[in-house]
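Next comes data_33.cif, a file with mmCIF, C-alpha atoms and all ligand atoms.
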```cif
data_work
loop_
_atom_site.label_atom_id
_atom_site.label_comp_id
_atom_site.auth_asym_id
_atom_site.auth_seq_id
_atom_site.Cartn_x
_atom_site.Cartn_y
_atom_site.Cartn_z
CA MET U 1 3.61 -5.68 22.92
CA LYS U 2 3.86 -9.44 23.34
CA THR U 3 0.46 -11.03 24.03
CA LYS U 4 1.78 -13.09 26.96
CA GLU U 5 2.02 -9.82 28.93
CA LEU U 6 -1.73 -9.22 28.52
CA PHE U 7 -2.85 -12.13 30.69
CA LYS U 8 -1.07 -10.93 33.83
CA ASP U 9 -4.01 -9.11 35.36
CA LYS U 10 -7.19 -9.58 33.35
CA THR U 11 -9.44 -11.69 31.16
CA ILE U 12 -8.50 -10.59 27.69
CA LEU U 13 -10.77 -9.82 24.74
CA SER U 14 -9.31 -10.21 21.27
CA TYR U 15 -10.80 -10.01 17.77
CA GLU U 16 -9.95 -11.84 14.58
CA VAL U 17 -10.23 -10.35 11.10
CA PHE U 18 -9.37 -11.65 7.64
CA PRO U 19 -8.00 -9.69 4.66
CA PRO U 20 -10.57 -9.04 1.92
CA LYS U 21 -10.47 -11.53 -0.95
CA LYS U 22 -9.92 -8.79 -3.52
CA ALA U 23 -7.04 -6.34 -3.02
CA THR U 24 -9.34 -3.66 -4.46
CA ASN U 25 -11.55 -4.02 -1.35
CA LEU U 26 -8.67 -3.28 1.00
CA SER U 27 -10.30 -0.11 2.34
CA SER U 28 -13.18 -2.18 3.78
CA ILE U 29 -10.87 -3.92 6.25
CA TYR U 30 -9.53 -0.60 7.52
CA HIS U 31 -13.11 0.59 8.03
CA THR U 32 -13.85 -2.64 9.99
CA LEU U 33 -10.73 -2.12 12.08
CA ASP U 34 -11.69 1.47 12.89
CA GLU U 35 -14.96 0.15 14.32
CA LEU U 36 -13.35 -2.75 16.20
CA LYS U 37 -10.83 -0.38 17.79
CA GLU U 38 -13.78 1.32 19.55
CA LEU U 39 -14.51 -2.02 21.29
CA SER U 40 -11.51 -2.03 23.65
CA PRO U 41 -9.57 -4.86 22.00
CA ASP U 42 -6.62 -6.23 23.97
CA CYS U 43 -5.28 -7.46 20.65
CA ILE U 44 -6.42 -8.15 17.08
CA SER U 45 -5.29 -11.02 14.90
CA VAL U 46 -5.16 -11.14 11.10
CA THR U 47 -5.61 -14.44 9.28
CA TYR U 48 -3.63 -15.56 6.30
CA GLY U 49 -4.99 -18.02 3.77
CA ALA U 50 -8.13 -19.14 5.59
CA GLY U 51 -11.19 -17.24 4.42
CA GLY U 52 -9.24 -14.61 2.51
CA GLY U 53 -6.94 -14.57 -0.46
CA GLY U 54 -4.10 -12.11 -0.72
CA ASN U 55 -0.49 -12.62 0.17
CA HIS U 56 1.70 -12.49 3.25
CA SER U 57 2.60 -8.85 2.72
CA GLN U 58 -1.07 -7.82 2.57
CA SER U 59 -1.85 -9.64 5.86
CA LEU U 60 1.29 -8.22 7.44
CA ALA U 61 0.45 -4.67 6.27
CA ILE U 62 -2.95 -4.96 7.98
CA ALA U 63 -1.30 -6.32 11.14
CA GLN U 64 1.19 -3.45 11.07
CA SER U 65 -1.58 -0.86 10.84
CA ILE U 66 -3.20 -2.42 13.94
CA LYS U 67 0.12 -2.32 15.80
CA ASP U 68 0.80 1.26 14.67
CA SER U 69 -2.55 2.30 16.18
CA GLY U 70 -1.30 1.09 19.57
CA ILE U 71 -3.10 -2.28 19.68
CA PRO U 72 -1.03 -5.47 19.84
CA ALA U 73 -1.36 -7.37 16.54
CA ILE U 74 -1.05 -11.09 15.87
CA ALA U 75 -0.09 -12.22 12.35
CA HIS U 76 -1.38 -15.71 11.44
CA LEU U 77 1.25 -17.75 9.63
CA PRO U 78 0.45 -21.18 8.15
CA CYS U 79 3.61 -23.15 7.24
CA ILE U 80 2.22 -25.76 4.85
CA GLY U 81 4.39 -25.82 1.70
CA MET U 82 6.79 -23.23 3.13
CA THR U 83 10.57 -23.54 2.94
CA GLN U 84 12.98 -22.41 5.66
CA LYS U 85 14.23 -19.68 3.32
CA GLU U 86 10.71 -18.32 2.77
CA LEU U 87 10.02 -18.37 6.49
CA LEU U 88 13.24 -16.48 7.22
CA GLU U 89 12.17 -13.78 4.74
CA ILE U 90 8.76 -13.47 6.41
CA LEU U 91 10.37 -13.28 9.87
CA GLN U 92 12.56 -10.48 8.58
CA GLU U 93 9.52 -8.63 7.25
CA LEU U 94 7.72 -9.10 10.58
CA GLU U 95 10.73 -7.63 12.38
CA GLN U 96 10.87 -4.68 9.99
CA ARG U 97 7.17 -4.00 10.53
CA GLY U 98 7.58 -4.31 14.32
CA ILE U 99 5.09 -7.20 14.65
CA GLU U 100 6.03 -9.33 17.65
CA ASN U 101 3.19 -11.89 17.76
CA ILE U 102 2.84 -14.83 15.36
CA LEU U 103 -0.04 -17.32 15.34
CA ALA U 104 2.05 -20.22 14.09
CA LEU U 105 -0.08 -22.76 12.19
CA ARG U 106 0.34 -25.76 9.99
CA GLY U 107 -2.61 -24.81 7.78
CA ASP U 108 -5.14 -27.20 6.27
CA LEU U 109 -3.73 -29.90 4.01
CA PRO U 110 -4.72 -29.17 0.40
CA ASP U 111 -6.62 -31.82 -1.58
CA GLY U 112 -4.46 -33.84 -3.95
CA GLN U 113 -0.72 -33.44 -4.44
CA TYR U 114 1.20 -30.50 -3.03
CA ALA U 115 4.79 -29.53 -2.27
CA PRO U 116 5.16 -30.36 1.43
CA GLY U 117 7.75 -27.66 2.29
CA ASP U 118 10.21 -27.84 5.19
CA PHE U 119 7.74 -28.01 8.10
CA GLU U 120 5.39 -30.94 8.71
CA TYR U 121 3.65 -29.64 11.83
CA ALA U 122 3.18 -26.25 13.45
CA SER U 123 5.54 -27.41 16.23
CA ASP U 124 8.37 -27.77 13.66
CA MET U 125 7.87 -24.17 12.53
CA ILE U 126 7.64 -22.92 16.13
CA ALA U 127 10.99 -24.53 17.07
CA PHE U 128 12.54 -22.90 13.98
CA ILE U 129 11.09 -19.45 14.76
CA LYS U 130 12.34 -19.66 18.35
CA GLU U 131 15.86 -20.25 17.02
CA HIS U 132 15.68 -17.31 14.62
CA GLY U 133 14.01 -14.42 16.41
CA ASP U 134 12.47 -12.99 19.54
CA PHE U 135 8.79 -13.54 18.71
CA ASN U 136 5.83 -14.24 20.98
CA ILE U 137 4.24 -17.42 19.69
CA VAL U 138 0.51 -18.07 19.70
CA ALA U 139 -0.83 -21.45 18.49
CA ALA U 140 -4.14 -23.15 17.69
CA CYS U 141 -5.85 -25.82 19.79
CA TYR U 142 -9.03 -27.86 19.46
CA PRO U 143 -11.45 -28.50 22.37
CA GLU U 144 -13.13 -31.32 20.41
CA GLY U 145 -9.80 -32.62 19.01
CA HIS U 146 -8.36 -31.68 15.61
CA ILE U 147 -10.29 -33.16 12.68
CA ASP U 148 -7.25 -35.18 11.42
CA THR U 149 -6.43 -36.75 14.78
CA LYS U 150 -7.25 -40.32 15.79
CA ASN U 151 -8.50 -39.33 19.24
CA LYS U 152 -8.35 -36.58 21.88
CA VAL U 153 -5.51 -38.25 23.83
CA GLU U 154 -3.24 -38.22 20.76
CA ASP U 155 -4.27 -34.64 20.08
CA ILE U 156 -3.27 -33.52 23.57
CA LYS U 157 0.08 -35.31 23.27
CA HIS U 158 0.72 -33.42 20.04
CA LEU U 159 -0.41 -30.16 21.65
CA LYS U 160 2.04 -30.70 24.53
CA ILE U 161 4.88 -31.15 21.98
CA LYS U 162 3.78 -27.94 20.28
CA VAL U 163 3.58 -25.93 23.51
CA ASP U 164 6.98 -27.23 24.63
CA ALA U 165 8.45 -26.09 21.31
CA GLY U 166 7.83 -22.50 22.47
CA VAL U 167 4.16 -21.50 22.59
CA ASP U 168 3.27 -18.51 24.78
CA HIS U 169 -0.53 -18.58 24.43
CA LEU U 170 -3.19 -20.75 22.78
CA ILE U 171 -6.43 -19.89 20.97
CA THR U 172 -9.12 -22.52 20.45
CA GLN U 173 -11.09 -23.36 17.38
CA LEU U 174 -14.73 -22.37 17.73
CA PHE U 175 -16.92 -24.66 19.82
CA LEU U 176 -20.62 -24.46 20.62
CA ASP U 177 -20.76 -26.49 23.82
CA ASN U 178 -18.75 -25.00 26.70
CA GLN U 179 -18.50 -28.44 28.33
CA ASP U 180 -16.13 -29.42 25.49
CA PHE U 181 -13.91 -26.49 26.45
CA TYR U 182 -13.91 -27.37 30.18
CA ALA U 183 -13.09 -31.03 29.44
CA PHE U 184 -10.29 -29.88 27.13
CA LYS U 185 -8.89 -27.58 29.87
CA GLU U 186 -8.78 -30.57 32.23
CA ARG U 187 -6.88 -32.64 29.66
CA CYS U 188 -4.44 -29.74 29.24
CA GLU U 189 -3.89 -29.56 33.00
CA LEU U 190 -3.28 -33.31 33.19
CA ALA U 191 -0.77 -33.03 30.34
CA GLY U 192 1.07 -30.14 32.04
CA ILE U 193 0.02 -27.51 29.48
CA GLU U 194 0.08 -24.29 31.48
CA VAL U 195 0.04 -21.41 28.98
CA PRO U 196 -3.07 -19.15 28.85
CA ILE U 197 -5.87 -20.45 26.63
CA GLU U 198 -8.26 -18.07 24.89
CA ALA U 199 -11.66 -19.48 24.01
CA GLY U 200 -12.51 -18.93 20.33
CA ILE U 201 -16.14 -17.86 19.98
CA MET U 202 -17.91 -17.51 16.66
CA PRO U 203 -21.35 -15.90 16.60
CA VAL U 204 -23.25 -18.08 14.11
CA VAL U 205 -25.66 -15.82 12.29
CA ASN U 206 -26.65 -17.90 9.28
CA LYS U 207 -26.98 -21.55 8.36
CA SER U 208 -24.45 -21.67 5.51
CA GLN U 209 -21.77 -20.26 7.83
CA ILE U 210 -22.05 -23.15 10.30
CA GLU U 211 -22.43 -25.76 7.53
CA ARG U 212 -19.09 -24.54 6.14
CA MET U 213 -17.46 -24.72 9.58
CA THR U 214 -18.74 -28.22 10.35
CA SER U 215 -17.49 -29.62 7.06
CA LEU U 216 -14.15 -27.79 7.42
CA CYS U 217 -13.35 -28.53 11.05
CA GLY U 218 -15.95 -30.97 12.37
CA VAL U 219 -17.52 -28.78 15.05
CA LYS U 220 -20.28 -30.58 17.00
CA LEU U 221 -23.73 -28.94 16.96
CA PRO U 222 -25.52 -29.27 20.35
CA SER U 223 -29.26 -29.91 20.18
CA LYS U 224 -30.13 -26.51 21.68
CA PHE U 225 -28.11 -24.94 18.87
CA THR U 226 -29.78 -26.98 16.08
CA LYS U 227 -33.22 -26.23 17.54
CA MET U 228 -32.38 -22.54 17.38
CA MET U 229 -31.22 -22.89 13.76
CA ASP U 230 -34.34 -24.82 12.77
CA ARG U 231 -36.60 -22.23 14.30
CA TYR U 232 -34.95 -19.09 12.91
CA GLN U 233 -33.10 -20.07 9.72
CA ASP U 234 -35.76 -18.54 7.45
CA ASN U 235 -35.80 -15.25 9.35
CA PRO U 236 -32.38 -13.59 8.93
CA VAL U 237 -32.88 -10.91 11.57
CA ALA U 238 -34.14 -13.38 14.17
CA MET U 239 -31.32 -15.79 13.24
CA ARG U 240 -28.76 -13.04 13.68
CA ASP U 241 -30.14 -12.03 17.08
CA ALA U 242 -30.39 -15.65 18.24
CA GLY U 243 -26.79 -16.30 17.11
CA ILE U 244 -25.58 -13.24 19.03
CA ALA U 245 -27.52 -14.32 22.15
CA TYR U 246 -26.04 -17.84 21.90
CA ALA U 247 -22.49 -16.44 21.72
CA VAL U 248 -23.16 -14.03 24.61
CA ASN U 249 -24.44 -16.94 26.75
CA GLN U 250 -21.30 -18.91 26.00
CA ILE U 251 -19.09 -15.94 26.90
CA VAL U 252 -20.92 -15.15 30.17
CA ASP U 253 -20.50 -18.76 31.27
CA LEU U 254 -16.81 -18.85 30.24
CA ILE U 255 -15.98 -15.63 32.07
CA SER U 256 -17.85 -16.82 35.17
CA GLN U 257 -15.67 -19.97 35.11
CA GLY U 258 -12.47 -17.89 34.94
CA VAL U 259 -11.47 -18.26 31.27
CA ASP U 260 -8.12 -16.60 30.38
CA GLY U 261 -9.56 -14.78 27.38
CA ILE U 262 -12.20 -14.60 24.67
CA HIS U 263 -11.14 -14.55 21.02
CA LEU U 264 -14.04 -13.38 18.89
CA TYR U 265 -14.16 -14.58 15.29
CA THR U 266 -15.68 -11.36 13.98
CA MET U 267 -16.12 -12.51 10.33
CA ASN U 268 -15.24 -8.84 9.61
CA ASN U 269 -18.66 -7.82 10.93
CA PRO U 270 -18.21 -4.95 13.41
CA TYR U 271 -21.98 -4.67 14.04
CA ILE U 272 -22.11 -8.17 15.51
CA ALA U 273 -18.87 -7.66 17.43
CA LYS U 274 -20.31 -4.45 18.89
CA ARG U 275 -23.53 -6.15 20.03
CA ILE U 276 -21.47 -8.82 21.79
CA TYR U 277 -19.07 -6.30 23.29
CA GLN U 278 -21.96 -4.24 24.66
CA ALA U 279 -23.44 -7.35 26.29
CA VAL U 280 -20.23 -8.58 27.97
CA HIS U 281 -17.77 -5.74 28.50
CA ASN U 282 -18.91 -5.01 32.06
CA LEU U 283 -18.17 -8.63 33.01
CA ILE U 284 -14.53 -8.58 32.01
P1 LIG P 1 -0.71 -28.76 14.06
O1 LIG P 1 -0.56 -28.32 15.44
O2 LIG P 1 0.55 -29.05 13.26
O3 LIG P 1 -1.61 -30.10 14.06
C1 LIG P 1 -2.14 -30.61 12.85
C2 LIG P 1 -2.50 -32.08 13.04
O4 LIG P 1 -1.32 -32.86 13.19
C3 LIG P 1 -3.33 -32.36 14.28
O5 LIG P 1 -4.22 -33.40 13.97
C4 LIG P 1 -2.30 -32.81 15.31
O6 LIG P 1 -2.87 -33.65 16.31
C5 LIG P 1 -1.31 -33.55 14.42
N1 LIG P 1 0.06 -33.49 14.95
C6 LIG P 1 0.68 -32.39 15.44
N2 LIG P 1 1.94 -32.70 15.82
C7 LIG P 1 2.11 -34.02 15.52
C8 LIG P 1 3.20 -34.92 15.68
N3 LIG P 1 4.38 -34.51 16.21
N4 LIG P 1 3.04 -36.21 15.26
C9 LIG P 1 1.85 -36.63 14.72
N5 LIG P 1 0.78 -35.80 14.56
C10 LIG P 1 0.91 -34.52 14.95
N6 LIG P 1 -5.58 -21.78 8.79
C11 LIG P 1 -5.08 -20.95 7.83
O7 LIG P 1 -4.74 -21.42 6.73
N7 LIG P 1 -4.93 -19.60 8.07
C12 LIG P 1 -5.24 -19.02 9.24
O8 LIG P 1 -5.09 -17.80 9.40
C13 LIG P 1 -5.77 -19.86 10.29
N8 LIG P 1 -6.07 -19.34 11.51
C14 LIG P 1 -6.50 -20.18 12.52
C15 LIG P 1 -6.72 -19.66 13.79
C16 LIG P 1 -7.14 -20.47 14.83
C17 LIG P 1 -7.36 -19.89 16.21
C18 LIG P 1 -7.38 -21.87 14.59
C19 LIG P 1 -7.88 -22.77 15.69
C20 LIG P 1 -7.14 -22.40 13.32
C21 LIG P 1 -6.69 -21.59 12.27
N9 LIG P 1 -6.41 -22.09 11.00
C22 LIG P 1 -5.93 -21.27 10.01
C23 LIG P 1 -6.70 -23.50 10.69
C24 LIG P 1 -5.48 -24.43 10.91
O9 LIG P 1 -4.47 -24.09 9.98
C25 LIG P 1 -5.96 -25.86 10.71
O10 LIG P 1 -6.81 -26.24 11.75
C26 LIG P 1 -4.87 -26.89 10.47
O11 LIG P 1 -5.50 -28.08 9.97
C27 LIG P 1 -4.09 -27.29 11.71
O12 LIG P 1 -3.21 -26.31 12.08
P2 LIG P 1 -2.38 -26.43 13.46
O13 LIG P 1 -1.43 -25.30 13.50
O14 LIG P 1 -3.30 -26.63 14.60
O15 LIG P 1 -1.58 -27.81 13.15
#
```

Represent the supplied structure as structure tokens.
Amino acid sequence: MKTKELFKDKTILSYEVFPPKKATNLSSIYHTLDELKELSPDCISVTYGAGGGGNHSQSLAIAQSIKDSGIPAIAHLPCIGMTQKELLEILQELEQRGIENILALRGDLPDGQYAPGDFEYASDMIAFIKEHGDFNIVAACYPEGHIDTKNKVEDIKHLKIKVDAGVDHLITQLFLDNQDFYAFKERCELAGIEVPIEAGIMPVVNKSQIERMTSLCGVKLPSKFTKMMDRYQDNPVAMRDAGIAYAVNQIVDLISQGVDGIHLYTMNNPYIAKRIYQAVHNLI
């Protein structure tokens, strides 16, 4: 099923997983998925590259298993360094596996020299995919602006180009202040971006996790969040519970304000996903 169909009559709830770093740990992801499937997912996405090693076929095999269990699957696909020929082969594999949804990404630019490939931006890959298959295209967006962009106005202009290239639904990077999301939604409306936007929520349950995210993607830490971290960082159980409560608060507010969907960055932790699901599922 194409994800654009999901938004017709409800707020959607989706989960993100990443393939295990070692192929020998593959069974752990299927165990995680079995638990996530109990949490009424509208769809589940599988990363490629970010956070996990592996190869395209491993990510696509996981996505296929999700789809085969009756849940729409989204395969993440970064295009950095990719040639048109390689992309055509991956599109063929996606078709063979019956995966209809692609999260089309540029990917983070590697440090130092690298082979640029045939696609500079995600929008270039999206236009190419649209010419070569009948896929539903999901893309990334950034409530606080993408880390490489000069300013938020430029970022929205680039997002509009990307959406016009053929995006069916957007998912945001994590954010910790819902006001950033609402201001971003307003900029999207002004720019004529009308596709559904899922809010990406990451429950932050330890300090190193958020330090990694801030250095990687420049997420702003609101003072109520840093106070929480300062108070609980030396008590892992309290930190975990506070992080879950913070995410639940964000989600309750977002749903109350009519968000199109919530995309939960599960970090492959079904326990935390379950706690959040139990707290919010009656609101959806
Ligand atoms: P783009 O949309 O191409 O934008 C990249 C930058 O270029 C932005 O600064 C943008 O403003 C600018 N830009 C875009 N178009 C133009 C233009 N025409 N002219 C000038 N500038 C332009 N990474 C992975 O490697 N694997 C994953 O699985 C993965 N999953 C993700 C899932 C989500 C929901 C999100 C939010 C991010 C994910 N990422 C993943 C990270 C992503 O690859 C990085 O954030 C990357 O740096 C940007 O990718 P993009 O597709 O948003 O790029």

Within 8 Å of ligand LIG 1 (chain P), which residues of chain U show up? Give each one with its shortest atom-to-atom distance in Å (one decimal) and the two atoms involved, counting only C-alpha atoms and all ligand atoms, rows by chain then rising residue number, as a Markdown table.
```
| residue | atom | partner | partner_atom | distance |
| --- | --- | --- | --- | --- |
| U:Phe18 | CA | P:LIG1 | O8 | 7.7 |
| U:Val46 | CA | P:LIG1 | O8 | 6.9 |
| U:Thr47 | CA | P:LIG1 | O8 | 3.4 |
| U:Tyr48 | CA | P:LIG1 | O8 | 4.1 |
| U:Gly49 | CA | P:LIG1 | O7 | 4.5 |
| U:Ala50 | CA | P:LIG1 | N7 | 4.1 |
| U:Gly51 | CA | P:LIG1 | N7 | 7.6 |
| U:His76 | CA | P:LIG1 | O8 | 4.7 |
| U:Leu77 | CA | P:LIG1 | O8 | 6.3 |
| U:Pro78 | CA | P:LIG1 | O7 | 5.4 |
| U:Leu103 | CA | P:LIG1 | C15 | 7.2 |
| U:Ala104 | CA | P:LIG1 | O13 | 6.2 |
| U:Leu105 | CA | P:LIG1 | O13 | 3.2 |
| U:Arg106 | CA | P:LIG1 | O13 | 4.0 |
| U:Gly107 | CA | P:LIG1 | O9 | 3.0 |
| U:Asp108 | CA | P:LIG1 | O11 | 3.8 |
| U:Leu109 | CA | P:LIG1 | O11 | 6.5 |
| U:Glu120 | CA | P:LIG1 | O2 | 6.9 |
| U:Tyr121 | CA | P:LIG1 | O2 | 3.5 |
| U:Ala122 | CA | P:LIG1 | O2 | 3.8 |
| U:Ser123 | CA | P:LIG1 | O2 | 6.0 |
| U:Asp124 | CA | P:LIG1 | O2 | 7.9 |
| U:Ala139 | CA | P:LIG1 | O13 | 6.3 |
| U:Ala140 | CA | P:LIG1 | C19 | 4.3 |
| U:Cys141 | CA | P:LIG1 | C19 | 5.5 |
| U:Tyr142 | CA | P:LIG1 | C19 | 6.4 |
| U:Gly145 | CA | P:LIG1 | O6 | 7.5 |
| U:His146 | CA | P:LIG1 | O5 | 4.8 |
| U:Ile147 | CA | P:LIG1 | O5 | 6.2 |
| U:Asp148 | CA | P:LIG1 | O5 | 4.3 |
| U:Thr149 | CA | P:LIG1 | O5 | 4.1 |
| U:Lys150 | CA | P:LIG1 | O5 | 7.8 |
| U:Glu154 | CA | P:LIG1 | O6 | 6.4 |
| U:Asp155 | CA | P:LIG1 | O6 | 4.1 |
| U:Ile156 | CA | P:LIG1 | O6 | 7.3 |
| U:Lys157 | CA | P:LIG1 | O6 | 7.7 |
| U:His158 | CA | P:LIG1 | N2 | 4.5 |
| U:Leu159 | CA | P:LIG1 | O1 | 6.5 |
| U:Ile161 | CA | P:LIG1 | N3 | 6.7 |
| U:Lys162 | CA | P:LIG1 | O1 | 6.5 |
| U:Leu170 | CA | P:LIG1 | C17 | 7.8 |
| U:Ile171 | CA | P:LIG1 | C17 | 4.8 |
| U:Thr172 | CA | P:LIG1 | C19 | 4.9 |
| U:Gln173 | CA | P:LIG1 | C19 | 3.7 |
| U:Leu174 | CA | P:LIG1 | C19 | 7.2 |
| U:Gly200 | CA | P:LIG1 | C17 | 6.7 |
| U:Cys217 | CA | P:LIG1 | O10 | 7.0 |
```

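If you measure from each of U:Val259, U:Ile137, U:Leu176, U:Ile62 to Pro20 of chain U using only C-alpha atoms, the closest one turns out to be U:Ile62.
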
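The smallest atom-to-atom distance between Leu13 of chain U and any of U:Pro203, U:Pro41, U:Gly258, U:Pro270, using only C-alpha atoms, is found for U:Pro41.
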
Next on the checklist: With only C-alpha atoms as the counted atoms, please give the residues lying no more than 10 Å from Thr32 of chain U, apart from itself and same-chain residues fewer than 2 positions off, as a PyMOL selection string.
Outcome noted: chain U and resi 17+27-30+34-37+266+268-271

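For Ile262 of chain U, the set of protein, DNA and RNA residues having any atom at most 8 Å away, when counting only C-alpha atoms and skipping those fewer than 3 positions along the same chain, is Thr11, Ile12, Leu13, Ser14, Glu198, Ala199, Gly200, Ile201, Ile251 and Val259 of chain U.
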
For the residues selected in the previous step, produce a file with C-alpha atoms as a PDB file, keeping the file's coordinate frame.
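Saved file out_11.pdb follows:
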```pdb
ATOM      1  CA  THR U  11      -9.440 -11.690  31.160  1.00  0.00           C
ATOM      2  CA  ILE U  12      -8.500 -10.590  27.690  1.00  0.00           C
ATOM      3  CA  LEU U  13     -10.770  -9.820  24.740  1.00  0.00           C
ATOM      4  CA  SER U  14      -9.310 -10.210  21.270  1.00  0.00           C
ATOM      5  CA  GLU U 198      -8.260 -18.070  24.890  1.00  0.00           C
ATOM      6  CA  ALA U 199     -11.660 -19.480  24.010  1.00  0.00           C
ATOM      7  CA  GLY U 200     -12.510 -18.930  20.330  1.00  0.00           C
ATOM      8  CA  ILE U 201     -16.140 -17.860  19.980  1.00  0.00           C
ATOM      9  CA  ILE U 251     -19.090 -15.940  26.900  1.00  0.00           C
ATOM     10  CA  VAL U 259     -11.470 -18.260  31.270  1.00  0.00           C
TER      11      VAL U 259
END
```

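When all atoms listed in the file are used to compute distances to Glu211 of chain U, the closest of the residues U:Ala183, U:Ile244, U:Ile197, U:Met229 turns out to be U:Met229.
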
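Across the structure, atom CA of Lys67 of chain U and atom CA of Ile80 of chain U are spaced 26.0 Å apart.
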
Checklist outcome for this item: Computed gap from atom CA of Asp168 of chain U to atom CA of Cys188 of chain U is 14.3 Å

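Atom pair atom CA of Asn136 of chain U / atom CA of Ile74 of chain U has a distance of 9.1 Å (rounded to one decimal).
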
Padded axis-aligned box of segment 241-251 of chain U (5 Å per side), centre and edge lengths, Å, one decimal, as lines of an AutoDock Vina configuration file:
```
center_x = -24.7
center_y = -15.5
center_z = 22.0
size_x = 21.3
size_y = 16.9
size_z = 19.8
```

Item to check | Pick from U:Asp230, U:Asp111, U:Glu131, U:Asp42 nearest to Gln84 of chain U, counting only C-alpha atoms | outcome: U:Glu131

Pull C-alpha atoms for segment 192-206 of chain U from the block and write them as a compact mmCIF listing (two decimals), in the first residue's frame.
```
# COMPACT_ATOMS: atom_id res chain seq x y z
CA GLY U 192 2.46 26.09 -1.10
CA ILE U 193 3.75 22.76 0.27
CA GLU U 194 0.58 20.76 0.79
CA VAL U 195 1.61 17.11 1.21
CA PRO U 196 1.05 15.45 4.63
CA ILE U 197 3.88 16.00 7.12
CA GLU U 198 4.66 13.43 9.80
CA ALA U 199 6.38 14.75 12.91
CA GLY U 200 9.55 12.77 13.72
CA ILE U 201 9.75 12.13 17.46
CA MET U 202 12.76 10.60 19.16
CA PRO U 203 12.46 9.59 22.81
CA VAL U 204 15.81 10.69 24.26
CA VAL U 205 16.72 8.20 26.94
CA ASN U 206 20.41 8.87 27.50
```
